[in-house]
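> I'm passing along structure-v5.cif; it holds mmCIF, C-alpha atoms and all ligand atoms.
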data_input
loop_
_atom_site.label_atom_id
_atom_site.label_comp_id
_atom_site.auth_asym_id
_atom_site.auth_seq_id
_atom_site.Cartn_x
_atom_site.Cartn_y
_atom_site.Cartn_z
CA MET Q 102 -26.92 -5.90 -8.75
CA GLU Q 103 -23.47 -7.00 -9.91
CA GLN Q 104 -25.00 -10.23 -11.23
CA GLN Q 105 -27.71 -8.50 -13.23
CA ARG Q 106 -25.43 -5.98 -14.84
CA ASN Q 107 -23.95 -6.75 -18.27
CA TRP Q 108 -20.24 -6.58 -17.57
CA ASP Q 109 -17.77 -6.33 -20.47
CA SER Q 110 -15.09 -8.11 -18.48
CA ILE Q 111 -14.45 -9.96 -15.25
CA VAL Q 112 -11.07 -9.95 -13.52
CA VAL Q 113 -10.53 -12.72 -10.98
CA GLY Q 114 -8.17 -11.46 -8.23
CA GLY Q 115 -7.97 -8.01 -6.66
CA GLY Q 116 -4.22 -7.84 -6.05
CA LEU Q 117 -1.95 -5.42 -7.90
CA VAL Q 118 -2.01 -7.45 -11.12
CA GLY Q 119 -5.80 -7.78 -11.29
CA LEU Q 120 -6.44 -4.16 -10.29
CA ALA Q 121 -3.93 -2.76 -12.81
CA ILE Q 122 -5.51 -4.75 -15.67
CA ALA Q 123 -9.06 -3.88 -14.56
CA TYR Q 124 -8.10 -0.21 -14.45
CA GLY Q 125 -6.60 -0.45 -17.94
CA LEU Q 126 -9.70 -2.16 -19.33
CA GLY Q 127 -11.89 0.52 -17.73
CA ARG Q 128 -9.83 3.27 -19.40
CA LEU Q 129 -10.63 1.66 -22.74
CA GLY Q 130 -14.33 1.84 -21.96
CA ARG Q 131 -14.85 -1.76 -20.86
CA SER Q 132 -16.95 -2.09 -17.72
CA CYS Q 133 -15.09 -4.35 -15.37
CA LEU Q 134 -16.08 -6.46 -12.37
CA VAL Q 135 -13.20 -7.53 -10.12
CA LEU Q 136 -13.91 -10.56 -7.94
CA ASP Q 137 -11.52 -10.95 -5.01
CA ALA Q 138 -11.36 -13.68 -2.39
CA GLY Q 139 -11.12 -13.40 1.39
CA ASP Q 140 -9.12 -11.07 3.63
CA LEU Q 141 -7.11 -13.99 4.99
CA ASP Q 142 -5.88 -14.98 1.53
CA PHE Q 143 -2.26 -14.75 0.47
CA ARG Q 144 -1.77 -11.25 -0.86
CA ALA Q 145 1.63 -10.29 -2.21
CA ALA Q 146 0.14 -6.93 -3.18
CA ARG Q 147 -0.18 -5.96 0.49
CA GLY Q 148 3.19 -7.19 1.74
CA ASN Q 149 5.73 -6.11 -0.86
CA PHE Q 150 8.70 -3.77 -0.87
CA GLY Q 151 7.47 -1.13 -3.34
CA LEU Q 152 10.36 -0.96 -5.80
CA VAL Q 153 9.84 0.04 -9.42
CA TRP Q 154 12.94 -1.76 -10.57
CA VAL Q 155 14.70 -2.48 -13.86
CA GLN Q 156 18.31 -3.10 -12.74
CA GLY Q 157 19.13 -6.81 -13.23
CA LYS Q 158 15.66 -7.70 -14.55
CA GLY Q 159 15.81 -10.06 -17.52
CA SER Q 160 19.57 -10.33 -17.96
CA GLY Q 161 18.90 -13.95 -19.08
CA PHE Q 162 15.64 -13.21 -20.89
CA PRO Q 163 15.65 -10.09 -23.10
CA PRO Q 164 11.83 -9.90 -23.54
CA TYR Q 165 11.53 -9.42 -19.77
CA ALA Q 166 14.24 -6.76 -19.78
CA ASP Q 167 12.30 -4.88 -22.50
CA TRP Q 168 9.00 -5.31 -20.67
CA SER Q 169 10.39 -4.06 -17.32
CA MET Q 170 12.04 -1.10 -19.02
CA SER Q 171 8.87 -0.17 -20.86
CA SER Q 172 6.86 -0.36 -17.64
CA SER Q 173 9.35 1.83 -15.78
CA ARG Q 174 9.06 4.41 -18.58
CA SER Q 175 5.25 4.33 -18.44
CA TRP Q 176 5.10 4.67 -14.66
CA PRO Q 177 4.96 8.51 -14.60
CA ASP Q 178 1.96 8.35 -16.99
CA LEU Q 179 0.16 5.84 -14.79
CA ALA Q 180 0.80 7.92 -11.66
CA ALA Q 181 -0.40 11.10 -13.43
CA MET Q 182 -3.58 9.41 -14.71
CA LEU Q 183 -4.48 8.04 -11.30
CA HIS Q 184 -3.79 11.42 -9.72
CA GLU Q 185 -5.94 13.23 -12.25
CA GLN Q 186 -8.80 10.77 -11.91
CA THR Q 187 -8.86 10.22 -8.15
CA GLY Q 188 -6.49 12.72 -6.55
CA ALA Q 189 -4.30 9.79 -5.45
CA ALA Q 190 -0.66 10.70 -4.75
CA LEU Q 191 1.34 7.48 -4.97
CA ALA Q 192 4.67 8.76 -3.57
CA LEU Q 193 6.36 7.70 -6.81
CA GLU Q 194 10.03 8.67 -7.03
CA GLN Q 195 12.08 7.65 -10.07
CA LYS Q 196 15.45 9.34 -9.82
CA GLY Q 197 17.55 6.16 -9.86
CA GLY Q 198 18.33 3.27 -7.55
CA LEU Q 199 21.30 1.49 -6.01
CA ASP Q 200 22.25 -2.15 -5.68
CA VAL Q 201 24.90 -2.14 -2.95
CA CYS Q 202 27.49 -4.94 -2.97
CA LEU Q 203 29.25 -5.96 0.25
CA THR Q 204 32.22 -7.70 -1.38
CA GLU Q 205 34.38 -7.20 -4.49
CA ASP Q 206 33.16 -10.56 -5.81
CA GLU Q 207 29.54 -9.48 -5.49
CA LEU Q 208 30.36 -6.22 -7.26
CA SER Q 209 32.20 -7.79 -10.20
CA THR Q 210 29.43 -10.39 -10.71
CA ARG Q 211 26.88 -7.60 -10.64
CA ILE Q 212 28.76 -5.47 -13.15
CA ALA Q 213 29.09 -8.46 -15.53
CA GLU Q 214 25.35 -9.13 -15.27
CA LEU Q 215 24.38 -5.52 -15.94
CA THR Q 216 26.84 -5.29 -18.84
CA THR Q 217 25.07 -8.26 -20.48
CA LEU Q 218 21.73 -6.59 -19.82
CA SER Q 219 22.91 -3.37 -21.40
CA GLN Q 220 24.14 -5.28 -24.48
CA HIS Q 221 20.73 -7.00 -24.88
CA GLN Q 222 19.10 -3.63 -24.75
CA ASN Q 223 21.47 -2.07 -27.31
CA GLY Q 224 22.57 0.40 -24.65
CA ARG Q 225 19.03 1.50 -23.72
CA PHE Q 226 19.58 0.09 -20.23
CA GLN Q 227 22.08 2.34 -18.50
CA PHE Q 228 24.00 1.90 -15.29
CA GLN Q 229 27.12 3.10 -13.53
CA ALA Q 230 29.48 1.04 -11.39
CA LEU Q 231 30.48 2.93 -8.23
CA ASP Q 232 33.40 2.11 -5.97
CA ARG Q 233 32.96 2.80 -2.26
CA GLN Q 234 34.24 6.35 -2.49
CA ALA Q 235 31.95 7.26 -5.40
CA LEU Q 236 29.05 5.64 -3.57
CA ALA Q 237 29.79 7.59 -0.37
CA GLU Q 238 29.57 10.83 -2.35
CA ILE Q 239 25.97 10.17 -3.35
CA GLN Q 240 24.94 8.22 -0.23
CA PRO Q 241 26.49 9.71 2.91
CA GLY Q 242 26.84 7.37 5.90
CA ILE Q 243 27.57 4.30 3.78
CA GLY Q 244 29.35 1.45 5.59
CA GLU Q 245 32.39 -0.62 4.69
CA VAL Q 246 30.96 -2.04 1.46
CA ALA Q 247 32.73 -2.75 -1.84
CA GLY Q 248 30.58 -0.42 -3.94
CA ALA Q 249 27.33 -0.41 -5.86
CA THR Q 250 25.69 -0.23 -9.23
CA TRP Q 251 23.37 2.70 -9.91
CA SER Q 252 20.75 2.85 -12.63
CA PRO Q 253 18.62 5.86 -13.60
CA HIS Q 254 15.62 3.66 -14.51
CA ASP Q 255 14.88 2.57 -10.96
CA GLY Q 256 12.64 4.03 -8.30
CA HIS Q 257 10.00 3.29 -5.68
CA VAL Q 258 6.37 3.93 -4.84
CA SER Q 259 3.95 3.27 -2.02
CA PRO Q 260 2.32 -0.04 -2.97
CA LEU Q 261 -0.59 0.63 -0.61
CA TYR Q 262 -1.34 4.04 -2.11
CA LEU Q 263 -1.11 2.36 -5.51
CA MET Q 264 -3.68 -0.25 -4.51
CA ARG Q 265 -6.02 2.38 -3.16
CA GLY Q 266 -5.54 4.59 -6.24
CA LEU Q 267 -6.34 1.72 -8.63
CA HIS Q 268 -9.30 0.68 -6.51
CA ASP Q 269 -10.76 4.21 -6.48
CA ALA Q 270 -10.11 4.69 -10.20
CA ILE Q 271 -11.92 1.44 -11.07
CA HIS Q 272 -14.97 2.65 -9.15
CA HIS Q 273 -14.72 6.06 -10.90
CA GLN Q 274 -14.86 4.22 -14.22
CA SER Q 275 -18.09 2.47 -13.14
CA GLY Q 276 -16.24 -0.74 -12.43
CA TYR Q 277 -16.68 -2.63 -9.19
CA VAL Q 278 -14.37 -4.54 -6.86
CA LYS Q 279 -16.34 -7.22 -5.04
CA THR Q 280 -14.50 -8.69 -2.08
CA SER Q 281 -14.99 -11.95 -0.17
CA CYS Q 282 -16.13 -13.53 -3.41
CA PRO Q 283 -13.82 -16.45 -4.33
CA VAL Q 284 -14.25 -17.88 -7.82
CA THR Q 285 -14.59 -21.67 -7.76
CA ALA Q 286 -15.26 -22.54 -11.42
CA ILE Q 287 -15.08 -21.00 -14.90
CA THR Q 288 -17.05 -22.23 -17.94
CA GLN Q 289 -17.98 -21.02 -21.41
CA THR Q 290 -21.71 -20.38 -21.91
CA GLY Q 291 -22.35 -19.42 -25.54
CA VAL Q 292 -20.40 -16.25 -26.30
CA ASP Q 293 -20.00 -15.47 -22.62
CA ILE Q 294 -17.72 -16.77 -19.89
CA GLN Q 295 -19.38 -17.69 -16.61
CA VAL Q 296 -17.69 -17.74 -13.23
CA THR Q 297 -19.13 -19.49 -10.20
CA THR Q 298 -18.81 -18.05 -6.70
CA PRO Q 299 -20.59 -18.63 -3.36
CA ASP Q 300 -22.61 -15.47 -4.23
CA GLY Q 301 -23.85 -16.96 -7.53
CA HIS Q 302 -22.77 -16.75 -11.18
CA PHE Q 303 -21.36 -13.77 -13.06
CA THR Q 304 -20.88 -13.58 -16.84
CA ALA Q 305 -18.93 -11.46 -19.32
CA PRO Q 306 -17.39 -11.95 -22.78
CA ARG Q 307 -13.85 -11.30 -21.42
CA LEU Q 308 -12.16 -12.84 -18.41
CA VAL Q 309 -8.74 -12.30 -16.88
CA LEU Q 310 -7.41 -14.74 -14.32
CA ALA Q 311 -5.12 -12.72 -12.03
CA ALA Q 312 -5.56 -14.47 -8.69
CA GLY Q 313 -1.88 -14.64 -7.70
CA LEU Q 314 -1.18 -18.01 -6.09
CA GLY Q 315 -4.87 -18.83 -6.69
CA ASN Q 316 -4.16 -19.00 -10.45
CA ARG Q 317 -2.70 -22.47 -10.07
CA ALA Q 318 -6.05 -23.97 -9.04
CA LEU Q 319 -8.12 -21.97 -11.53
CA ALA Q 320 -5.92 -22.10 -14.68
CA PRO Q 321 -6.97 -25.68 -15.61
CA PHE Q 322 -10.51 -24.32 -16.23
CA LEU Q 323 -8.89 -22.35 -19.07
CA GLY Q 324 -6.86 -25.34 -20.30
CA LEU Q 325 -3.69 -23.79 -18.85
CA GLU Q 326 -1.28 -24.79 -16.11
CA GLN Q 327 0.28 -21.68 -14.45
CA ALA Q 328 2.85 -23.75 -12.54
CA ILE Q 329 3.56 -21.12 -9.91
CA ARG Q 330 4.91 -21.57 -6.41
CA PRO Q 331 5.12 -19.38 -3.32
CA GLN Q 332 8.41 -17.78 -2.31
CA ARG Q 333 8.49 -16.13 1.09
CA GLY Q 334 9.98 -12.69 1.68
CA GLN Q 335 10.38 -11.03 5.08
CA ILE Q 336 10.43 -7.27 5.64
CA MET Q 337 11.08 -4.99 8.63
CA VAL Q 338 10.07 -1.35 9.07
CA THR Q 339 11.72 1.21 11.33
CA GLU Q 340 10.25 4.16 13.16
CA LYS Q 341 10.02 7.39 11.14
CA LEU Q 342 13.48 8.91 10.75
CA PRO Q 343 14.99 12.06 9.20
CA LEU Q 344 15.87 11.61 5.52
CA GLN Q 345 19.00 9.49 5.24
CA ILE Q 346 18.51 7.25 2.19
CA ARG Q 347 18.83 9.28 -0.98
CA TYR Q 348 18.18 6.50 -3.49
CA PRO Q 349 16.15 3.34 -2.98
CA MET Q 350 18.32 0.23 -2.72
CA VAL Q 351 17.40 -3.39 -3.43
CA THR Q 352 17.13 -4.08 0.31
CA LEU Q 353 16.63 -0.62 1.86
CA ARG Q 354 14.35 2.26 1.07
CA GLN Q 355 13.00 5.24 2.96
CA THR Q 356 9.30 5.88 2.49
CA ALA Q 357 7.79 9.31 1.89
CA GLU Q 358 6.64 9.26 5.54
CA GLY Q 359 10.19 8.64 6.82
CA SER Q 360 10.20 5.00 7.93
CA ILE Q 361 12.88 2.76 6.48
CA MET Q 362 11.86 -0.53 4.93
CA ILE Q 363 14.44 -3.26 5.26
CA GLY Q 364 14.07 -6.40 3.19
CA ASP Q 365 13.77 -8.91 1.97
CA SER Q 366 14.45 -12.63 1.98
CA HIS Q 367 13.88 -15.26 -0.73
CA GLU Q 368 12.77 -18.47 0.97
CA ASP Q 369 11.06 -21.68 -0.07
CA ALA Q 370 8.76 -22.05 2.94
CA GLY Q 371 5.59 -23.33 1.29
CA LEU Q 372 2.51 -21.37 2.35
CA ASP Q 373 3.97 -20.41 5.75
CA VAL Q 374 3.76 -16.63 6.25
CA SER Q 375 5.38 -16.44 9.68
CA SER Q 376 8.38 -14.19 10.15
CA THR Q 377 11.40 -15.90 11.67
CA ARG Q 378 14.14 -14.59 13.91
CA PRO Q 379 17.21 -15.98 12.08
CA VAL Q 380 16.11 -14.52 8.75
CA MET Q 381 15.21 -11.16 10.35
CA ALA Q 382 18.63 -11.12 12.05
CA GLU Q 383 20.37 -11.74 8.73
CA ILE Q 384 18.38 -9.00 6.99
CA ALA Q 385 19.12 -6.56 9.83
CA SER Q 386 22.81 -7.42 9.83
CA ARG Q 387 23.16 -6.77 6.08
CA ALA Q 388 21.27 -3.47 6.47
CA GLN Q 389 23.63 -2.33 9.24
CA ARG Q 390 26.68 -3.18 7.14
CA ILE Q 391 25.27 -0.98 4.37
CA LEU Q 392 24.15 1.85 6.66
CA PRO Q 393 25.73 1.60 10.15
CA SER Q 394 23.47 4.35 11.59
CA LEU Q 395 20.59 1.87 11.34
CA SER Q 396 21.90 0.01 14.38
CA ASP Q 397 20.19 2.73 16.49
CA ALA Q 398 16.87 2.56 14.64
CA LYS Q 399 13.83 1.01 16.32
CA ILE Q 400 12.01 -1.67 14.35
CA ILE Q 401 8.28 -1.12 14.76
CA ARG Q 402 6.81 -3.70 12.39
CA SER Q 403 7.74 -6.81 10.48
CA TRP Q 404 5.95 -9.31 8.30
CA ALA Q 405 6.35 -12.04 5.75
CA ALA Q 406 4.49 -12.34 2.44
CA LEU Q 407 4.54 -14.80 -0.43
CA ARG Q 408 5.80 -13.98 -3.91
CA VAL Q 409 4.02 -15.55 -6.87
CA MET Q 410 6.92 -17.32 -8.63
CA SER Q 411 6.95 -19.02 -12.02
CA PRO Q 412 9.52 -21.80 -12.67
CA ASP Q 413 11.97 -19.33 -14.27
CA GLY Q 414 10.91 -16.25 -12.31
CA TYR Q 415 9.47 -14.41 -15.34
CA PRO Q 416 5.81 -13.47 -15.91
CA ILE Q 417 3.39 -15.92 -17.52
CA TYR Q 418 0.81 -14.41 -19.88
CA ASP Q 419 -1.50 -16.68 -21.85
CA GLN Q 420 -4.73 -16.78 -23.76
CA SER Q 421 -6.96 -19.78 -23.10
CA PRO Q 422 -6.90 -22.41 -25.85
CA ASN Q 423 -10.37 -23.59 -24.66
CA ILE Q 424 -12.35 -20.50 -23.78
CA ALA Q 425 -12.42 -17.61 -26.26
CA GLY Q 426 -11.75 -14.27 -24.58
CA ALA Q 427 -10.16 -15.72 -21.42
CA PHE Q 428 -6.60 -14.84 -20.34
CA ALA Q 429 -4.34 -15.83 -17.43
CA VAL Q 430 -1.70 -13.49 -16.02
CA THR Q 431 0.85 -13.94 -13.29
CA CYS Q 432 4.13 -12.30 -12.30
CA HIS Q 433 6.37 -11.63 -9.31
CA SER Q 434 7.00 -7.93 -10.04
CA GLY Q 435 3.50 -6.57 -9.87
CA VAL Q 436 4.59 -3.12 -8.65
CA THR Q 437 7.20 -2.59 -11.36
CA LEU Q 438 4.92 -4.00 -14.06
CA ALA Q 439 1.74 -2.19 -12.93
CA ALA Q 440 2.16 0.46 -15.64
CA ALA Q 441 2.75 -2.11 -18.42
CA HIS Q 442 -0.20 -4.16 -17.18
CA ALA Q 443 -2.54 -1.16 -17.05
CA LEU Q 444 -1.50 0.57 -20.26
CA ASP Q 445 -0.22 -2.17 -22.58
CA LEU Q 446 -1.36 -5.64 -21.49
CA ALA Q 447 -4.91 -4.37 -20.82
CA ARG Q 448 -5.09 -3.06 -24.40
CA CYS Q 449 -4.03 -6.46 -25.77
CA ILE Q 450 -6.70 -8.15 -23.64
CA HIS Q 451 -9.26 -5.57 -24.79
CA ASP Q 452 -8.31 -6.34 -28.43
CA GLY Q 453 -8.52 -10.09 -27.70
CA TYR Q 454 -4.95 -10.90 -28.70
CA LEU Q 455 -1.58 -10.88 -26.88
CA GLY Q 456 0.78 -9.00 -29.18
CA PRO Q 457 4.09 -10.36 -30.53
CA HIS Q 458 6.02 -8.61 -27.73
CA LEU Q 459 4.18 -10.85 -25.24
CA THR Q 460 4.31 -14.28 -26.92
CA ALA Q 461 7.64 -15.10 -25.21
CA PHE Q 462 5.81 -15.00 -21.88
CA SER Q 463 3.52 -17.94 -22.69
CA GLU Q 464 3.77 -21.00 -20.44
CA ARG Q 465 4.59 -22.90 -23.66
CA ARG Q 466 8.21 -21.90 -22.97
CA PHE Q 467 8.26 -24.63 -20.28
CA ASP Q 468 7.21 -27.36 -22.78
CA VAL Q 469 10.73 -28.60 -23.43
CA SER Q 470 10.76 -32.14 -24.80
CA PRO Q 471 13.19 -34.57 -23.07
CA ALA Q 472 15.03 -34.98 -26.38
C1 LIG E 1 8.21 -9.68 0.22
C2 LIG E 1 7.83 -9.25 -1.15
C3 LIG E 1 8.47 -8.16 -1.72
C4 LIG E 1 8.12 -7.73 -3.00
N1 LIG E 1 8.71 -6.62 -3.51
C5 LIG E 1 8.35 -6.18 -4.75
C6 LIG E 1 8.94 -5.01 -5.26
O1 LIG E 1 9.72 -4.33 -4.61
N2 LIG E 1 8.60 -4.62 -6.52
C7 LIG E 1 7.72 -5.35 -7.29
O2 LIG E 1 7.48 -4.99 -8.45
N3 LIG E 1 7.12 -6.46 -6.80
C8 LIG E 1 7.42 -6.88 -5.55
N4 LIG E 1 6.82 -7.99 -5.04
C9 LIG E 1 5.86 -8.71 -5.87
C10 LIG E 1 4.49 -8.08 -5.93
O3 LIG E 1 4.02 -7.81 -4.66
C11 LIG E 1 3.58 -9.08 -6.66
O4 LIG E 1 4.05 -9.29 -7.96
C12 LIG E 1 2.21 -8.60 -6.80
O5 LIG E 1 1.69 -8.13 -5.62
C13 LIG E 1 1.39 -9.79 -7.28
O6 LIG E 1 0.10 -9.35 -7.34
P1 LIG E 1 -1.02 -10.38 -7.69
O7 LIG E 1 -2.19 -9.53 -7.91
O8 LIG E 1 -0.62 -11.31 -8.77
O9 LIG E 1 -1.13 -11.33 -6.41
P2 LIG E 1 -1.70 -11.04 -4.97
O10 LIG E 1 -1.35 -9.73 -4.46
O11 LIG E 1 -1.29 -12.22 -4.15
O12 LIG E 1 -3.27 -11.02 -5.19
C14 LIG E 1 -3.98 -12.13 -5.60
C15 LIG E 1 -5.42 -11.86 -5.22
O13 LIG E 1 -6.20 -12.91 -5.79
C16 LIG E 1 -7.19 -13.26 -4.86
N5 LIG E 1 -7.63 -14.62 -5.13
C17 LIG E 1 -6.96 -15.78 -4.95
N6 LIG E 1 -7.73 -16.82 -5.30
C18 LIG E 1 -8.91 -16.30 -5.72
C19 LIG E 1 -10.11 -16.86 -6.21
N7 LIG E 1 -10.27 -18.18 -6.33
N8 LIG E 1 -11.14 -16.03 -6.55
C20 LIG E 1 -11.02 -14.67 -6.42
N9 LIG E 1 -9.88 -14.09 -5.97
C21 LIG E 1 -8.84 -14.90 -5.63
C22 LIG E 1 -6.54 -13.10 -3.49
O14 LIG E 1 -7.53 -12.88 -2.49
C23 LIG E 1 -5.65 -11.88 -3.71
O15 LIG E 1 -6.28 -10.68 -3.32
C24 LIG E 1 7.13 -8.43 -3.75
C25 LIG E 1 6.48 -9.53 -3.16
C26 LIG E 1 6.81 -9.91 -1.88
C27 LIG E 1 6.08 -11.07 -1.29
#
Give the structure from the file, written as structure tokens.
Ligand SMILES: Cc1cc2nc3c(=O)[nH]c(=O)nc-3n(C[C@H](O)[C@H](O)[C@H](O)COP(=O)(O)OP(=O)(O)OC[C@H]3O[C@@H](n4cnc5c(N)ncnc54)[C@H](O)[C@@H]3O)c2cc1C


Amino acid sequence: MEQQRNWDSIVVGGGLVGLAIAYGLGRLGRSCLVLDAGDLDFRAARGNFGLVWVQGKGSGFPPYADWSMSSSRSWPDLAAMLHEQTGAALALEQKGGLDVCLTEDELSTRIAELTTLSQHQNGRFQFQALDRQALAEIQPGIGEVAGATWSPHDGHVSPLYLMRGLHDAIHHQSGYVKTSCPVTAITQTGVDIQVTTPDGHFTAPRLVLAAGLGNRALAPFLGLEQAIRPQRGQIMVTEKLPLQIRYPMVTLRQTAEGSIMIGDSHEDAGLDVSSTRPVMAEIASRAQRILPSLSDAKIIRSWAALRVMSPDGYPIYDQSPNIAGAFAVTCHSGVTLAAAHALDLARCIHDGYLGPHLTAFSERRFDVSPA
């Protein structure tokens, strides 16, 4: 049935990036088929920390700072739309977030970085530096840390509720998410783009490549490179506890259900998704220094997942130079950027042109001549 239908667009990859774009295309009236690979694939969308975060994003790359800020601002709209359409409650909370610093050096480096970010943004990005005493007033139980930075733009959400909400909304819009259907080739056939899978061929005039780490193998079909690499992150989850974390922190957040998520590492470990004791011990030790009461908490789950990292850590958005109507998208902040992907990037893809605010994200930025 999916093969016979005339789809307006195909999205390759059913992680958070692909689903957000497919949802956005569906809102604009484009019927959308999402093709996702196997359950044992690498899936950052199912193993992440759930922060909607602006603090520190793009201090060396102003277009990314603007993009993250605009997504954070659009997040309440995205959550409201998904709720209205599907009844999904995403547990979105955006009342600010903390980056806690253990030492004075960490704190002064952090403040310098955020000051630069604020200057890039002509003051639109706001933050406050808090010494330990000021921090203890808003976060009781804080340990012997140097202080923190707080920004009102930050928040958190349940990434699993988000995935389910997007999934349901796509089906409401007469789209379809087809699983266990890896794409192996992409070609142009007349005005259409054809993808090959073990279940046969599918065609549409628009295609978005959003296969996470799978983009690297598929991008050459579009005449692109997408030089991404995996970066491992490990996370631990406690039993459900009474409310004790008032604001999400970069490495600690309390979910709507009460468990505390503790994360996360940044490791070059290839495609290895095992969790390791030394890294877990380090993560736990930092968490206890920030919130000593956590030393009594029981850890009930832990996992590792792979980030989708570009050479400079910023998103890569491109239009194929070879196949008209084909785009490739990758990023390592798919939760934060879900609103921008659904409401802004999807419109550009619908219109067939990445707007001027997105040209800085092309992989052409890596084409630096040796001279
Ligand atoms: C530990 C950790 C913590 C994180 N914390 C945060 C956070 O707090 N906030 C935030 O904003 N981001 C966070 N992220 C990043 C976020 O999870 C990712 O940016 C986002 O999930 C990427 O989504 P994606 O759709 O690009 O990739 P994925 O979720 O990896 O999905 C890619 C999909 O493509 C499919 N696929 C692959 N190859 C093919 C193929 N050939 N054909 C069809 N389908 C294919 C796969 O099956 C998979 O489902 C974190 C990531 C990790 C690992």

> Using all atoms listed in the file, which residues of the polymer chains come no farther than 6 Å from ligand LIG 1 (chain E)? I'd like the answer as an NGL selection string.

:Q and (113-119 or 136-139 or 142-146 or 148-153 or 283-285 or 311-313 or 315 or 334-335 or 365 or 406-408 or 431-437)

> For a test of reading the model, state the distance in Å between atom CA of Q:Phe322 and atom CA of Q:Val430, rounded to one decimal.

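Taking atom CA of Q:Phe322 as the start and atom CA of Q:Val430 as the end point, the length is 14.0 Å.
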
> Using all atoms listed in the file, which residue out of Q:Ile243, Q:Asp140, Q:Tyr277, Q:Met170 lies closest to Q:Arg106?

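Using all atoms listed in the file, Q:Arg106 sits closest to Q:Tyr277.
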
> Using all atoms listed in the file, which protein or nucleic acid residues come within 8 Å of Q:Thr187? Drop anything in the same chain fewer than 6 positions from it, and give the result as a list in words.

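Contacts, with the query itself left out: Gly266, Asp269, Ala270 and His273 of chain Q.
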
> For a test of reading the model, state the distance in Å between atom CA of Q:His254 and atom CA of Q:Ala440, rounded to one decimal.

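These two atoms are separated by 13.9 Å.
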
> Neighbours of Q:Gln295 within 12 Å (all atoms listed in the file; same-chain residues fewer than 5 positions away dropped), as a list in words?

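These residues fall inside the cut-off: Gln104, Asn107, Trp108, Ser110, Ile111, Val112, Val113, Val284, Thr285, Ala286, Ile287, Thr288, Gln289, Thr290, Gly301, His302, Phe303, Thr304, Ala305, Pro306, Arg307, Leu308, Val309, Phe322, Leu323, Ile424, Ala425, Gly426 and Ala427 of chain Q.
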
> Give me the residues within 12 Å of Q:Glu368 as number ranges by chain, counting only C-alpha atoms and dropping any in the same chain fewer than 4 places off.

Q: 330-335, 372-377, 380, 405-408, 410
